[in-house]
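Structure record follows, encoded as structure tokens.
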Amino acid sequence: MSMILSASVIRVRDGLPLSASTDYEQGTGMQECRKYFKILSRKLAQLPDRCTLKTGHYNINFISSMGVSYMMLCTENYPNVLAFSFLDELQKEFITTYNMMKTNTAVRPYCFIEFDNFIQRTKQRYNNPRSLSTKINLSDMQMEIKLRPPYQISMGELGSANGVTSAFSVDYKGAGKISSAHQRLEPATLSGIVAFILSLLCAALNLIRGFHAIESLLQSDGEDFNYIVAFFLGTAACLYQCYLLVYYTGWRNVKSFLTFGLICLCNMYLYELRNLWQLFFHVTVGAFVTLQIWLRQAQGKAPDYDV
């Protein structure tokens, strides 16, 4: 009998399970599939947004969008178009119900377990195709799958779920070393967002004063060319702080302190052109942004969630 057996909603960046169906059957084959679920959840960020894994008598299908993946387990003879239409419905409802801020800042596994109610209702509908209210979306999905079929993850790539090392798992373990330059940072906090905006404001103020200094120099008002350099260096330093606040790089904390030092030196040189309040504002914002860069560290290894 063809049917959907279970479904899960998982955060892509770290494999955190956000919700799942609660009536997971307990069988030897099902236990193996749970292990595959766990392996796939750790690899989601490196896989295409629509995939299928065939595991003998069962298929695992999933789609990913906006940092969230929707994964389902079904029997091998369950129609592909129904499987991905089911996942599409889960995706639309989840996006409508929960905003990205909630999903990005969630720290507890299954914190949206109430979404299981919708999963159960939808699963019952799709396990009885005659009860589906419309066939229009199915034809659209059939065309979409035909034009862009799901990526087929082979068992050779994945390896066995009983702990045997495979090329797939080796690639995953080495991914941290290879892609350390693209390592994700912890979710941005409100103070981090404020720091980013203030740093942009300081950069804009420096840029405007720099252009005014160029104007004065061209009018031969005796403006020191070094002032222009100081204003534009200050602009570059503020923008680089914004970059460090958003992206992970090697020696990130050291770079942030050196950038803050450059901001202080520029403002010391511009002492004659700015009053004390202006100097205090620029230096304080630089220090605040440096602190936020230091506080927003790279995410550690993804926890081993039981999904």
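Please note that chains go A, B, ... in the order of the structure tokens, that every chain numbers its residues from 1, and that ligands are numbered from 1 in the order shown.
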
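For stretch 269-275 of chain A, the set of protein, DNA and RNA residues having any atom at most 9 Å away, when counting only C-alpha atoms and skipping those fewer than 2 positions along the same chain, is A:Asn226, A:Tyr227, A:Ala230, A:Phe231, A:Cys264, A:Leu265, A:Cys266, A:Asn267, A:Trp277, A:Gln278, A:Leu279, A:Phe280.
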
Preceding selection exported with all heavy atoms as a compact mmCIF listing (two decimals), in the first residue's frame:
```txt
# COMPACT_ATOMS: atom_id res chain seq x y z
N ASN A 226 45.61 65.73 3.73
CA ASN A 226 45.60 64.62 4.69
C ASN A 226 44.25 64.47 5.37
O ASN A 226 43.88 63.37 5.80
CB ASN A 226 46.69 64.81 5.74
CG ASN A 226 48.08 64.64 5.14
OD1 ASN A 226 48.26 63.93 4.16
ND2 ASN A 226 49.07 65.31 5.72
N TYR A 227 43.50 65.58 5.49
CA TYR A 227 42.15 65.49 6.05
C TYR A 227 41.26 64.62 5.16
O TYR A 227 40.42 63.84 5.65
CB TYR A 227 41.53 66.88 6.20
CG TYR A 227 42.13 67.71 7.31
CD1 TYR A 227 42.20 69.10 7.22
CD2 TYR A 227 42.63 67.11 8.46
CE1 TYR A 227 42.74 69.87 8.24
CE2 TYR A 227 43.17 67.86 9.49
CZ TYR A 227 43.23 69.24 9.37
OH TYR A 227 43.77 69.99 10.39
N ALA A 230 42.06 61.07 5.76
CA ALA A 230 41.53 60.63 7.06
C ALA A 230 40.03 60.35 6.99
O ALA A 230 39.55 59.35 7.55
CB ALA A 230 41.81 61.68 8.12
N PHE A 231 39.29 61.23 6.28
CA PHE A 231 37.84 61.02 6.16
C PHE A 231 37.54 59.73 5.40
O PHE A 231 36.66 58.95 5.80
CB PHE A 231 37.19 62.21 5.45
CG PHE A 231 36.94 63.39 6.34
CD1 PHE A 231 37.46 64.64 6.03
CD2 PHE A 231 36.18 63.25 7.50
CE1 PHE A 231 37.22 65.73 6.86
CE2 PHE A 231 35.93 64.34 8.33
CZ PHE A 231 36.46 65.59 8.01
N CYS A 264 40.03 55.32 15.63
CA CYS A 264 40.52 56.24 16.67
C CYS A 264 41.61 57.17 16.12
O CYS A 264 41.60 58.38 16.38
CB CYS A 264 41.07 55.45 17.86
SG CYS A 264 39.82 54.55 18.79
N LEU A 265 42.53 56.61 15.32
CA LEU A 265 43.60 57.44 14.75
C LEU A 265 43.05 58.49 13.79
O LEU A 265 43.50 59.65 13.81
CB LEU A 265 44.60 56.53 14.01
CG LEU A 265 45.50 55.65 14.88
CD1 LEU A 265 46.33 54.72 14.02
CD2 LEU A 265 46.41 56.53 15.76
N CYS A 266 42.09 58.11 12.98
CA CYS A 266 41.48 59.07 12.04
C CYS A 266 40.81 60.20 12.80
O CYS A 266 40.92 61.38 12.42
CB CYS A 266 40.48 58.35 11.14
SG CYS A 266 41.22 57.25 9.92
N ASN A 267 40.09 59.87 13.87
CA ASN A 267 39.40 60.91 14.63
C ASN A 267 40.37 61.79 15.41
O ASN A 267 40.10 62.98 15.61
CB ASN A 267 38.37 60.26 15.56
CG ASN A 267 37.09 59.88 14.84
OD1 ASN A 267 36.23 60.72 14.59
ND2 ASN A 267 36.98 58.61 14.47
N TRP A 277 31.78 66.32 20.95
CA TRP A 277 30.63 65.43 20.85
C TRP A 277 30.71 64.56 19.59
O TRP A 277 30.37 63.37 19.63
CB TRP A 277 29.32 66.23 20.84
CG TRP A 277 28.97 66.77 22.19
CD1 TRP A 277 28.98 68.07 22.59
CD2 TRP A 277 28.57 66.00 23.33
NE1 TRP A 277 28.61 68.17 23.91
CE2 TRP A 277 28.36 66.92 24.40
CE3 TRP A 277 28.38 64.65 23.58
CZ2 TRP A 277 27.95 66.51 25.66
CZ3 TRP A 277 27.98 64.24 24.85
CH2 TRP A 277 27.77 65.17 25.87
N GLN A 278 31.16 65.15 18.49
CA GLN A 278 31.30 64.39 17.25
C GLN A 278 32.38 63.31 17.40
O GLN A 278 32.21 62.16 16.97
CB GLN A 278 31.64 65.32 16.09
CG GLN A 278 30.48 66.22 15.69
CD GLN A 278 30.90 67.26 14.66
OE1 GLN A 278 32.05 67.71 14.64
NE2 GLN A 278 29.96 67.67 13.81
N LEU A 279 33.50 63.70 18.00
CA LEU A 279 34.57 62.72 18.23
C LEU A 279 34.10 61.59 19.15
O LEU A 279 34.37 60.41 18.90
CB LEU A 279 35.79 63.42 18.85
CG LEU A 279 36.54 64.42 17.95
CD1 LEU A 279 37.58 65.17 18.77
CD2 LEU A 279 37.20 63.70 16.79
N PHE A 280 33.39 61.98 20.21
CA PHE A 280 32.87 60.99 21.15
C PHE A 280 31.91 60.03 20.44
O PHE A 280 31.96 58.81 20.67
CB PHE A 280 32.16 61.70 22.30
CG PHE A 280 31.52 60.77 23.29
CD1 PHE A 280 32.30 60.10 24.23
CD2 PHE A 280 30.16 60.55 23.29
CE1 PHE A 280 31.72 59.23 25.14
CE2 PHE A 280 29.57 59.68 24.19
CZ PHE A 280 30.35 59.02 25.12
```

Minimum-distance residue to A:Ser41, chosen among A:Met66, A:Ile10, A:Cys202, A:Ala298 (using only C-alpha atoms)
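Under the stated criterion, the closest residue is A:Ile10.
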
Name the residues in contact with A:Ala213 at a cut-off of 9 Å, using only C-alpha atoms, excluding same-chain residues fewer than 2 positions from it; report them as a list in words.
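Residues meeting the cut-off are Ile208, Arg209, Gly210, Phe211, Glu215, Ser216, Leu217, Leu218, Glu223, Asp224, Phe225, Tyr227, Ile228 and Phe231 of chain A.
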
For the atom pair atom CA of A:Tyr36 and atom CA of A:Gly156, what is the interatomic distance in Å to one decimal place?
12.8 Å

Write out as a ChimeraX atom specification the residues lying within 12 Å of stretch 120-127 of chain A, counting only C-alpha atoms and excluding same-chain residues fewer than 5 positions away.
/A:1-8,19-24,72-75,78-91,93,113-115,132-135,138
